[in-house]
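**Q** Pasting in a structure now, in structure tokens, and then I'll have a few things to ask.
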2 protein chains.
Amino acid sequence: MDSLRQFTHRLRRRDRRITGPRQAILETLRAQEHPLAIRQIHDALHEPCDLATVYRAMHMLEDMGMVKRFDFGDGTARFELIAEGDDGHHHHLICRNCATVVEIEECFSKKLEQRIANQNGFTALTHKLEFFGLCPTCQ
Amino acid sequence: MDSLRQFTHRLRRRDRRITGPRQAILETLRAQEHPLAIRQIHDALHEPCDLATVYRAMHMLEDMGMVKRFDFGDGTARFELIAEGDDGHHHHLICRNCATVVEIEECFSKKLEQRIANQNGFTALTHKLEFFGLCPTCQ
DNA sequence: TCCTTTTTGCAAATAATTTGCAACTACTAA
DNA sequence: TTAGTAGTTGCAAATTATTTGCAAAAAGGA
């Protein structure tokens, strides 16, 4: 319930509206622990809406920092709701064969990133990292 | 010159042919130190060929392990020639503003990857990792 | 040089995503 | 509660990257 409340609050703050499709999309994302593709979100909605609406909603949620976009390298964006009090920073381990996804909380040390930033004079570093392999079933 | 010779050898071995477009593409890749998008490769060819031919050639070069595909998350595949004696494993630091690319040789320790594999029962792990930030000019 | 197999160019097909626009609806001010 | 305004939606068409079918052209071996 809280994320809906939080959502409402953030929307109002930006003069954005709380609509049926947006609430439904949030519900759908909340029910999943893994990243969902737009198509999957769309198909899972009980009260269906246009695909374009889902695309637009995801952009908005992303801009508002409520959702994180992941890229598994297959040309399809996937999204996860960012849990409360979480920064959403985590990675995935994806089976190359069956596409099973496991969430990975571990990451390399921030020192590495800091060093890379310093050595190249870059600031505000972020990174995208995903692991691929063969899951127990597919080996 | 060597990579062309190597290429010829690998092609013959697989009953593939050495054609103008393929040689031209290799030349183009060799002249660049950064990953190139298909469109860029296509536009850089002196002896032009069809875009579809470039797409097909890149698949072939990738299958032959002569080229590595990178994904900067913008929906466009980029390719780099794999240098001789190199495994092609490296990453990039990309400016979020001007898209400048810096090659990064550093990577996190293999132990991390090994641990992730073990903890989840996965094998044959690989990863995709790219860094993003603001370059000195764009800050 | 001839023959077989691989390649290429071209155009059309896919797929994910974006966009223009008119109809519609959430929110706010009264 | 209601009207007005600004944000949203559905629909269809446009974009972009990439793939594919197919007939004509080219490569490499005999």
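All residue names refer to the structure tokens as shown: chains lettered A, B, ... in order, residues numbered from 1 in each chain, ligands numbered from 1 in order.
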Can you tell me, as a ChimeraX atom specification, what residues are no more than 12 Å from Met60 in chain A when counting only C-alpha atoms (C1' of nucleotides), ignoring any on the same chain fewer than 5 positions away?

**A** /A:7,10-11,14,16-18,22,25-26,53-55,65-69

**Q** Would you save the residues from that selection as a PDB file, in the first residue's frame, using N, CA, C and O atoms?

**A**
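Below you can see out-v2.pdb, which holds the result:
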```
ATOM      1  N   PHE A   7       3.713   6.953  -4.391  1.00  0.00           N
ATOM      2  CA  PHE A   7       3.513   7.277  -5.797  1.00  0.00           C
ATOM      3  C   PHE A   7       2.579   8.482  -5.928  1.00  0.00           C
ATOM      4  O   PHE A   7       2.885   9.461  -6.611  1.00  0.00           O
ATOM      5  N   ARG A  10       4.349  11.625  -4.925  1.00  0.00           N
ATOM      6  CA  ARG A  10       5.324  12.099  -5.914  1.00  0.00           C
ATOM      7  C   ARG A  10       4.666  12.643  -7.163  1.00  0.00           C
ATOM      8  O   ARG A  10       5.147  13.574  -7.784  1.00  0.00           O
ATOM      9  N   LEU A  11       3.574  12.029  -7.530  1.00  0.00           N
ATOM     10  CA  LEU A  11       2.862  12.487  -8.724  1.00  0.00           C
ATOM     11  C   LEU A  11       2.309  13.882  -8.491  1.00  0.00           C
ATOM     12  O   LEU A  11       2.478  14.781  -9.313  1.00  0.00           O
ATOM     13  N   ARG A  14       4.496  16.766  -8.806  1.00  0.00           N
ATOM     14  CA  ARG A  14       4.932  17.157 -10.153  1.00  0.00           C
ATOM     15  C   ARG A  14       3.778  17.469 -11.082  1.00  0.00           C
ATOM     16  O   ARG A  14       3.933  17.456 -12.293  1.00  0.00           O
ATOM     17  N   ARG A  16       1.327  15.618 -11.861  1.00  0.00           N
ATOM     18  CA  ARG A  16       1.006  14.477 -12.705  1.00  0.00           C
ATOM     19  C   ARG A  16      -0.210  13.783 -12.113  1.00  0.00           C
ATOM     20  O   ARG A  16      -0.493  13.927 -10.921  1.00  0.00           O
ATOM     21  N   ARG A  17      -0.921  13.015 -12.930  1.00  0.00           N
ATOM     22  CA  ARG A  17      -2.170  12.438 -12.434  1.00  0.00           C
ATOM     23  C   ARG A  17      -2.161  10.955 -12.139  1.00  0.00           C
ATOM     24  O   ARG A  17      -1.464  10.187 -12.789  1.00  0.00           O
ATOM     25  N   ILE A  18      -2.945  10.613 -11.174  1.00  0.00           N
ATOM     26  CA  ILE A  18      -3.054   9.227 -10.768  1.00  0.00           C
ATOM     27  C   ILE A  18      -4.182   8.615 -11.582  1.00  0.00           C
ATOM     28  O   ILE A  18      -5.346   8.937 -11.392  1.00  0.00           O
ATOM     29  N   ARG A  22      -1.896   3.670 -14.630  1.00  0.00           N
ATOM     30  CA  ARG A  22      -0.680   3.821 -13.824  1.00  0.00           C
ATOM     31  C   ARG A  22      -0.743   3.014 -12.539  1.00  0.00           C
ATOM     32  O   ARG A  22       0.245   2.397 -12.139  1.00  0.00           O
ATOM     33  N   ILE A  25      -0.348  -0.651 -13.440  1.00  0.00           N
ATOM     34  CA  ILE A  25       1.036  -0.996 -13.768  1.00  0.00           C
ATOM     35  C   ILE A  25       1.864  -1.142 -12.496  1.00  0.00           C
ATOM     36  O   ILE A  25       2.650  -2.072 -12.343  1.00  0.00           O
ATOM     37  N   LEU A  26       1.648  -0.238 -11.571  1.00  0.00           N
ATOM     38  CA  LEU A  26       2.380  -0.328 -10.309  1.00  0.00           C
ATOM     39  C   LEU A  26       2.042  -1.621  -9.571  1.00  0.00           C
ATOM     40  O   LEU A  26       2.918  -2.291  -9.027  1.00  0.00           O
ATOM     41  N   THR A  53       0.595   3.391 -23.818  1.00  0.00           N
ATOM     42  CA  THR A  53       0.377   3.936 -22.482  1.00  0.00           C
ATOM     43  C   THR A  53       1.368   3.320 -21.494  1.00  0.00           C
ATOM     44  O   THR A  53       1.900   4.005 -20.626  1.00  0.00           O
ATOM     45  N   VAL A  54       1.618   2.035 -21.654  1.00  0.00           N
ATOM     46  CA  VAL A  54       2.584   1.388 -20.767  1.00  0.00           C
ATOM     47  C   VAL A  54       3.974   1.971 -21.020  1.00  0.00           C
ATOM     48  O   VAL A  54       4.700   2.292 -20.081  1.00  0.00           O
ATOM     49  N   TYR A  55       4.317   2.147 -22.276  1.00  0.00           N
ATOM     50  CA  TYR A  55       5.620   2.745 -22.581  1.00  0.00           C
ATOM     51  C   TYR A  55       5.732   4.115 -21.931  1.00  0.00           C
ATOM     52  O   TYR A  55       6.737   4.447 -21.305  1.00  0.00           O
ATOM     53  N   GLY A  65      12.065   8.078 -10.673  1.00  0.00           N
ATOM     54  CA  GLY A  65      12.915   7.249  -9.831  1.00  0.00           C
ATOM     55  C   GLY A  65      12.171   6.168  -9.079  1.00  0.00           C
ATOM     56  O   GLY A  65      12.615   5.702  -8.036  1.00  0.00           O
ATOM     57  N   MET A  66      11.037   5.755  -9.594  1.00  0.00           N
ATOM     58  CA  MET A  66      10.285   4.711  -8.901  1.00  0.00           C
ATOM     59  C   MET A  66      10.532   3.347  -9.505  1.00  0.00           C
ATOM     60  O   MET A  66      10.134   2.329  -8.972  1.00  0.00           O
ATOM     61  N   VAL A  67      11.142   3.362 -10.640  1.00  0.00           N
ATOM     62  CA  VAL A  67      11.336   2.133 -11.381  1.00  0.00           C
ATOM     63  C   VAL A  67      12.750   2.149 -11.942  1.00  0.00           C
ATOM     64  O   VAL A  67      13.313   3.205 -12.205  1.00  0.00           O
ATOM     65  N   LYS A  68      13.357   0.975 -12.053  1.00  0.00           N
ATOM     66  CA  LYS A  68      14.685   0.937 -12.647  1.00  0.00           C
ATOM     67  C   LYS A  68      14.658   0.102 -13.914  1.00  0.00           C
ATOM     68  O   LYS A  68      14.054  -0.958 -13.965  1.00  0.00           O
ATOM     69  N   ARG A  69      15.338   0.608 -14.925  1.00  0.00           N
ATOM     70  CA  ARG A  69      15.391  -0.058 -16.221  1.00  0.00           C
ATOM     71  C   ARG A  69      16.607  -0.970 -16.282  1.00  0.00           C
ATOM     72  O   ARG A  69      17.707  -0.579 -15.897  1.00  0.00           O
TER      73      ARG A  69
END
```

**Q** DSSP on the backbone: what in range 30-127 of chain B comes out strand (DSSP E), as a list in words?

**A**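 The strand (DSSP E) residues within range 30-127 of chain B come out as Leu36, Ala37, Val67, Lys68, Arg69, Phe70, Asp71, Ala77, Arg78, Phe79, Glu80, Leu81, His91, His92, Leu93, Ile94, Cys95, Val101, Val102, Glu103, Ile104, Thr123, Ala124, Leu125, Thr126 and His127 of chain B.
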
**Q** Any chance you could export the current selection's N, CA and C atoms as a PDB file, in the first residue's frame?

**A**
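File selection15.pdb, as written:
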```
ATOM      1  N   LEU B  36      32.436   0.295 -33.036  1.00  0.00           N
ATOM      2  CA  LEU B  36      31.682   0.969 -34.090  1.00  0.00           C
ATOM      3  C   LEU B  36      30.302   0.351 -34.257  1.00  0.00           C
ATOM      4  N   ALA B  37      29.336   1.214 -34.497  1.00  0.00           N
ATOM      5  CA  ALA B  37      27.982   0.739 -34.792  1.00  0.00           C
ATOM      6  C   ALA B  37      27.937   0.313 -36.251  1.00  0.00           C
ATOM      7  N   VAL B  67      35.446 -10.694 -33.659  1.00  0.00           N
ATOM      8  CA  VAL B  67      34.866  -9.412 -33.333  1.00  0.00           C
ATOM      9  C   VAL B  67      34.084  -9.566 -32.032  1.00  0.00           C
ATOM     10  N   LYS B  68      34.042  -8.507 -31.236  1.00  0.00           N
ATOM     11  CA  LYS B  68      33.238  -8.585 -30.022  1.00  0.00           C
ATOM     12  C   LYS B  68      32.139  -7.544 -30.052  1.00  0.00           C
ATOM     13  N   ARG B  69      30.966  -7.979 -29.634  1.00  0.00           N
ATOM     14  CA  ARG B  69      29.789  -7.114 -29.637  1.00  0.00           C
ATOM     15  C   ARG B  69      29.660  -6.424 -28.294  1.00  0.00           C
ATOM     16  N   PHE B  70      29.416  -5.116 -28.319  1.00  0.00           N
ATOM     17  CA  PHE B  70      29.185  -4.383 -27.079  1.00  0.00           C
ATOM     18  C   PHE B  70      27.840  -3.708 -27.125  1.00  0.00           C
ATOM     19  N   ASP B  71      27.311  -3.518 -25.954  1.00  0.00           N
ATOM     20  CA  ASP B  71      25.976  -2.947 -25.855  1.00  0.00           C
ATOM     21  C   ASP B  71      26.036  -1.784 -24.877  1.00  0.00           C
ATOM     22  N   ALA B  77      23.907  -2.011 -31.507  1.00  0.00           N
ATOM     23  CA  ALA B  77      25.056  -2.879 -31.236  1.00  0.00           C
ATOM     24  C   ALA B  77      26.326  -2.213 -31.745  1.00  0.00           C
ATOM     25  N   ARG B  78      27.406  -2.408 -31.044  1.00  0.00           N
ATOM     26  CA  ARG B  78      28.703  -1.882 -31.466  1.00  0.00           C
ATOM     27  C   ARG B  78      29.706  -3.008 -31.497  1.00  0.00           C
ATOM     28  N   PHE B  79      30.682  -2.897 -32.384  1.00  0.00           N
ATOM     29  CA  PHE B  79      31.640  -3.977 -32.539  1.00  0.00           C
ATOM     30  C   PHE B  79      33.071  -3.498 -32.519  1.00  0.00           C
ATOM     31  N   GLU B  80      33.912  -4.353 -31.969  1.00  0.00           N
ATOM     32  CA  GLU B  80      35.349  -4.081 -31.958  1.00  0.00           C
ATOM     33  C   GLU B  80      36.058  -5.317 -32.455  1.00  0.00           C
ATOM     34  N   LEU B  81      37.106  -5.083 -33.205  1.00  0.00           N
ATOM     35  CA  LEU B  81      37.926  -6.183 -33.655  1.00  0.00           C
ATOM     36  C   LEU B  81      38.665  -6.714 -32.431  1.00  0.00           C
ATOM     37  N   HIS B  91      36.171  -3.336 -20.888  1.00  0.00           N
ATOM     38  CA  HIS B  91      34.913  -2.607 -20.739  1.00  0.00           C
ATOM     39  C   HIS B  91      35.093  -1.183 -21.232  1.00  0.00           C
ATOM     40  N   HIS B  92      34.054  -0.376 -21.086  1.00  0.00           N
ATOM     41  CA  HIS B  92      34.137   0.999 -21.565  1.00  0.00           C
ATOM     42  C   HIS B  92      33.584   1.968 -20.548  1.00  0.00           C
ATOM     43  N   LEU B  93      34.049   3.181 -20.681  1.00  0.00           N
ATOM     44  CA  LEU B  93      33.539   4.268 -19.861  1.00  0.00           C
ATOM     45  C   LEU B  93      32.968   5.248 -20.878  1.00  0.00           C
ATOM     46  N   ILE B  94      31.679   5.497 -20.779  1.00  0.00           N
ATOM     47  CA  ILE B  94      30.996   6.279 -21.802  1.00  0.00           C
ATOM     48  C   ILE B  94      30.422   7.565 -21.208  1.00  0.00           C
ATOM     49  N   CYS B  95      30.665   8.662 -21.868  1.00  0.00           N
ATOM     50  CA  CYS B  95      30.115   9.923 -21.371  1.00  0.00           C
ATOM     51  C   CYS B  95      28.620   9.977 -21.670  1.00  0.00           C
ATOM     52  N   VAL B 101      33.961   7.664 -25.703  1.00  0.00           N
ATOM     53  CA  VAL B 101      34.216   6.327 -25.168  1.00  0.00           C
ATOM     54  C   VAL B 101      35.674   6.157 -24.770  1.00  0.00           C
ATOM     55  N   VAL B 102      35.893   5.632 -23.590  1.00  0.00           N
ATOM     56  CA  VAL B 102      37.245   5.321 -23.137  1.00  0.00           C
ATOM     57  C   VAL B 102      37.304   3.823 -22.857  1.00  0.00           C
ATOM     58  N   GLU B 103      38.343   3.183 -23.318  1.00  0.00           N
ATOM     59  CA  GLU B 103      38.483   1.750 -23.062  1.00  0.00           C
ATOM     60  C   GLU B 103      39.001   1.565 -21.640  1.00  0.00           C
ATOM     61  N   ILE B 104      38.432   0.604 -20.949  1.00  0.00           N
ATOM     62  CA  ILE B 104      38.835   0.321 -19.572  1.00  0.00           C
ATOM     63  C   ILE B 104      39.350  -1.108 -19.494  1.00  0.00           C
ATOM     64  N   THR B 123      26.931 -22.194 -14.084  1.00  0.00           N
ATOM     65  CA  THR B 123      28.273 -22.435 -14.609  1.00  0.00           C
ATOM     66  C   THR B 123      28.496 -21.534 -15.815  1.00  0.00           C
ATOM     67  N   ALA B 124      29.706 -21.575 -16.311  1.00  0.00           N
ATOM     68  CA  ALA B 124      30.061 -20.837 -17.528  1.00  0.00           C
ATOM     69  C   ALA B 124      29.701 -19.359 -17.456  1.00  0.00           C
ATOM     70  N   LEU B 125      30.063 -18.718 -16.363  1.00  0.00           N
ATOM     71  CA  LEU B 125      29.698 -17.311 -16.209  1.00  0.00           C
ATOM     72  C   LEU B 125      30.485 -16.348 -17.089  1.00  0.00           C
ATOM     73  N   THR B 126      29.760 -15.356 -17.559  1.00  0.00           N
ATOM     74  CA  THR B 126      30.369 -14.233 -18.262  1.00  0.00           C
ATOM     75  C   THR B 126      29.622 -13.015 -17.727  1.00  0.00           C
ATOM     76  N   HIS B 127      30.057 -11.854 -18.143  1.00  0.00           N
ATOM     77  CA  HIS B 127      29.321 -10.667 -17.697  1.00  0.00           C
ATOM     78  C   HIS B 127      29.456  -9.547 -18.704  1.00  0.00           C
TER      79      HIS B 127
END
```

**Q** Fewer than 4 positions away in the same chain doesn't count, so skip those; otherwise give me all residues within 10 Å of DT19 in chain C, counting only C-alpha atoms (C1' of nucleotides), as number ranges by chain.

**A** A: 52; D: 13-15

**Q** Store the residues of this selection in a file with C-alpha atoms (C1' of nucleotides), as a compact mmCIF listing (two decimals), in the first residue's frame.

**A**
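The new file out-v7.txt reads:
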```txt
# COMPACT_ATOMS: atom_id res chain seq x y z
CA ALA A 52 1.83 3.03 -25.83
C1' DA D 13 1.19 5.82 -38.27
C1' DA D 14 6.17 6.72 -38.03
C1' DT D 15 10.94 5.44 -36.48
```

**Q** Check every residue of chain D for an atom within 12 Å of chain A, counting only C-alpha atoms (C1' of nucleotides), and provide those that qualify as a ChimeraX atom specification.

**A** /D:6-12,17-18

**Q** Limited to C-alpha atoms (C1' of nucleotides), could you put the picked residues into a file as an mmCIF file, in the first residue's frame?

**A**
```
data_model
loop_
_atom_site.group_PDB
_atom_site.id
_atom_site.type_symbol
_atom_site.label_atom_id
_atom_site.label_comp_id
_atom_site.auth_asym_id
_atom_site.auth_seq_id
_atom_site.Cartn_x
_atom_site.Cartn_y
_atom_site.Cartn_z
ATOM 1 C "C1'" DA D 6 -3.904 20.718 -18.189
ATOM 2 C "C1'" DG D 7 -2.391 16.168 -18.263
ATOM 3 C "C1'" DT D 8 -3.636 11.322 -20.327
ATOM 4 C "C1'" DT D 9 -5.156 7.858 -23.294
ATOM 5 C "C1'" DG D 10 -6.164 5.120 -27.484
ATOM 6 C "C1'" DC D 11 -5.273 4.582 -32.128
ATOM 7 C "C1'" DA D 12 -2.750 4.628 -36.020
ATOM 8 C "C1'" DA D 17 17.619 -1.403 -35.589
ATOM 9 C "C1'" DT D 18 17.829 -5.703 -37.403
#
```

**Q** Based on only C-alpha atoms (C1' of nucleotides), which of the residues in chain C come within 8 Å of chain A? I want them as a list in words.

**A**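 Applying the cut-off to the listed atoms yields DA16, DT17, DA26 and DC27 of chain C.
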
**Q** For the contact check between chain B and chain A, emit one row per residue of chain B within 6 Å, containing the shortest atom pair and the distance in Å rounded to one decimal, counting only C-alpha atoms, chain then rising number order, as a tab-separated table.

**A**
```
residue	atom	partner	partner_atom	distance
B:Phe108	CA	A:Phe108	CA	6.0
B:Gly121	CA	A:Pro136	CA	5.5
B:Phe122	CA	A:Cys135	CA	4.6
B:Thr123	CA	A:Leu134	CA	5.2
B:Ala124	CA	A:Gly133	CA	5.1
B:Leu125	CA	A:Gly133	CA	4.3
B:Thr126	CA	A:Phe132	CA	5.2
B:His127	CA	A:Phe131	CA	4.2
B:Lys128	CA	A:Glu130	CA	5.4
B:Leu129	CA	A:Leu129	CA	4.4
B:Glu130	CA	A:Lys128	CA	5.4
B:Phe131	CA	A:His127	CA	4.2
B:Phe132	CA	A:Thr126	CA	5.2
B:Gly133	CA	A:Leu125	CA	4.3
B:Leu134	CA	A:Thr123	CA	5.2
B:Cys135	CA	A:Phe122	CA	4.6
B:Pro136	CA	A:Gly121	CA	5.5
```

**Q** Limited to N, CA, C and O atoms, could you put the picked residues into a file as a PDB file, in the first residue's frame?

**A**
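Output (out-v1.pdb):
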```pdb
ATOM      1  N   PHE B 108      36.638  -6.246 -12.183  1.00  0.00           N
ATOM      2  CA  PHE B 108      36.606  -6.746 -10.795  1.00  0.00           C
ATOM      3  C   PHE B 108      37.238  -8.138 -10.741  1.00  0.00           C
ATOM      4  O   PHE B 108      37.452  -8.770 -11.778  1.00  0.00           O
ATOM      5  N   GLY B 121      24.593 -21.978  -8.268  1.00  0.00           N
ATOM      6  CA  GLY B 121      24.656 -23.227  -9.026  1.00  0.00           C
ATOM      7  C   GLY B 121      24.782 -23.027 -10.526  1.00  0.00           C
ATOM      8  O   GLY B 121      24.510 -23.929 -11.304  1.00  0.00           O
ATOM      9  N   PHE B 122      25.173 -21.840 -10.942  1.00  0.00           N
ATOM     10  CA  PHE B 122      25.345 -21.576 -12.371  1.00  0.00           C
ATOM     11  C   PHE B 122      26.766 -21.944 -12.795  1.00  0.00           C
ATOM     12  O   PHE B 122      27.680 -21.981 -11.986  1.00  0.00           O
ATOM     13  N   THR B 123      26.931 -22.194 -14.084  1.00  0.00           N
ATOM     14  CA  THR B 123      28.273 -22.435 -14.609  1.00  0.00           C
ATOM     15  C   THR B 123      28.496 -21.534 -15.815  1.00  0.00           C
ATOM     16  O   THR B 123      27.582 -20.871 -16.282  1.00  0.00           O
ATOM     17  N   ALA B 124      29.706 -21.575 -16.311  1.00  0.00           N
ATOM     18  CA  ALA B 124      30.061 -20.837 -17.528  1.00  0.00           C
ATOM     19  C   ALA B 124      29.701 -19.359 -17.456  1.00  0.00           C
ATOM     20  O   ALA B 124      29.103 -18.815 -18.377  1.00  0.00           O
ATOM     21  N   LEU B 125      30.063 -18.718 -16.363  1.00  0.00           N
ATOM     22  CA  LEU B 125      29.698 -17.311 -16.209  1.00  0.00           C
ATOM     23  C   LEU B 125      30.485 -16.348 -17.089  1.00  0.00           C
ATOM     24  O   LEU B 125      31.674 -16.512 -17.333  1.00  0.00           O
ATOM     25  N   THR B 126      29.760 -15.356 -17.559  1.00  0.00           N
ATOM     26  CA  THR B 126      30.369 -14.233 -18.262  1.00  0.00           C
ATOM     27  C   THR B 126      29.622 -13.015 -17.727  1.00  0.00           C
ATOM     28  O   THR B 126      28.676 -13.158 -16.957  1.00  0.00           O
ATOM     29  N   HIS B 127      30.057 -11.854 -18.143  1.00  0.00           N
ATOM     30  CA  HIS B 127      29.321 -10.667 -17.697  1.00  0.00           C
ATOM     31  C   HIS B 127      29.456  -9.547 -18.704  1.00  0.00           C
ATOM     32  O   HIS B 127      30.358  -9.549 -19.535  1.00  0.00           O
ATOM     33  N   LYS B 128      28.516  -8.657 -18.612  1.00  0.00           N
ATOM     34  CA  LYS B 128      28.565  -7.433 -19.409  1.00  0.00           C
ATOM     35  C   LYS B 128      28.693  -6.310 -18.409  1.00  0.00           C
ATOM     36  O   LYS B 128      27.920  -6.244 -17.452  1.00  0.00           O
ATOM     37  N   LEU B 129      29.670  -5.441 -18.613  1.00  0.00           N
ATOM     38  CA  LEU B 129      29.882  -4.333 -17.678  1.00  0.00           C
ATOM     39  C   LEU B 129      30.306  -3.096 -18.445  1.00  0.00           C
ATOM     40  O   LEU B 129      31.248  -3.131 -19.221  1.00  0.00           O
ATOM     41  N   GLU B 130      29.582  -2.031 -18.265  1.00  0.00           N
ATOM     42  CA  GLU B 130      29.985  -0.763 -18.884  1.00  0.00           C
ATOM     43  C   GLU B 130      29.774   0.346 -17.859  1.00  0.00           C
ATOM     44  O   GLU B 130      28.840   0.302 -17.068  1.00  0.00           O
ATOM     45  N   PHE B 131      30.664   1.316 -17.914  1.00  0.00           N
ATOM     46  CA  PHE B 131      30.574   2.441 -16.988  1.00  0.00           C
ATOM     47  C   PHE B 131      30.070   3.676 -17.722  1.00  0.00           C
ATOM     48  O   PHE B 131      30.354   3.865 -18.904  1.00  0.00           O
ATOM     49  N   PHE B 132      29.353   4.495 -16.994  1.00  0.00           N
ATOM     50  CA  PHE B 132      28.832   5.737 -17.569  1.00  0.00           C
ATOM     51  C   PHE B 132      29.182   6.883 -16.633  1.00  0.00           C
ATOM     52  O   PHE B 132      29.276   6.686 -15.424  1.00  0.00           O
ATOM     53  N   GLY B 133      29.390   8.047 -17.204  1.00  0.00           N
ATOM     54  CA  GLY B 133      29.725   9.195 -16.366  1.00  0.00           C
ATOM     55  C   GLY B 133      29.776  10.454 -17.208  1.00  0.00           C
ATOM     56  O   GLY B 133      29.302  10.469 -18.339  1.00  0.00           O
ATOM     57  N   LEU B 134      30.347  11.487 -16.629  1.00  0.00           N
ATOM     58  CA  LEU B 134      30.489  12.732 -17.379  1.00  0.00           C
ATOM     59  C   LEU B 134      31.969  12.962 -17.635  1.00  0.00           C
ATOM     60  O   LEU B 134      32.778  12.994 -16.705  1.00  0.00           O
ATOM     61  N   CYS B 135      32.308  13.153 -18.897  1.00  0.00           N
ATOM     62  CA  CYS B 135      33.708  13.328 -19.252  1.00  0.00           C
ATOM     63  C   CYS B 135      34.164  14.731 -18.849  1.00  0.00           C
ATOM     64  O   CYS B 135      33.348  15.599 -18.563  1.00  0.00           O
ATOM     65  N   PRO B 136      35.468  14.943 -18.796  1.00  0.00           N
ATOM     66  CA  PRO B 136      36.017  16.235 -18.373  1.00  0.00           C
ATOM     67  C   PRO B 136      35.367  17.422 -19.097  1.00  0.00           C
ATOM     68  O   PRO B 136      35.056  18.439 -18.490  1.00  0.00           O
TER      69      PRO B 136
END
```

**Q** Enumerate as a ChimeraX atom specification all residues of chain B assigned to helix (DSSP H, G or I) by DSSP on the backbone, naming them with the chain letters and numbers the document uses.

**A** /B:2-13,20-30,38-44,51-63,110-120,136-138

**Q** Please indicate the distance in Å from C1' of DT2 in chain D to CA of Arg13 in chain A, rounded to one decimal place.

**A**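 Between C1' of DT2 in chain D and CA of Arg13 in chain A the gap is 24.5 Å.
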
**Q** As a list in words, please: the residues near DA13 in chain C (cut-off 10 Å, only C-alpha atoms (C1' of nucleotides), same-chain neighbours under 3 positions excluded).

**A**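 Once the adjacent positions are removed, what remains is DT19, DT20 and DG21 of chain D.
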
**Q** Residues of the last selection are to be written out with C-alpha atoms (C1' of nucleotides), as a PDB file, in the first residue's frame.

**A**
```pdb
ATOM      1  C1'  DT D  19      16.469  -9.836 -40.106  1.00  0.00           C
ATOM      2  C1'  DT D  20      15.078 -12.467 -44.085  1.00  0.00           C
ATOM      3  C1'  DG D  21      13.539 -14.277 -48.883  1.00  0.00           C
TER       4       DG D  21
END
```

**Q** Which residues, written as number ranges by chain, have at least one atom at most 12 Å from DA30 in chain C, with only C-alpha atoms (C1' of nucleotides) counted and residues fewer than 2 positions away on the same chain left out?

**A** C: 28; D: 1-4
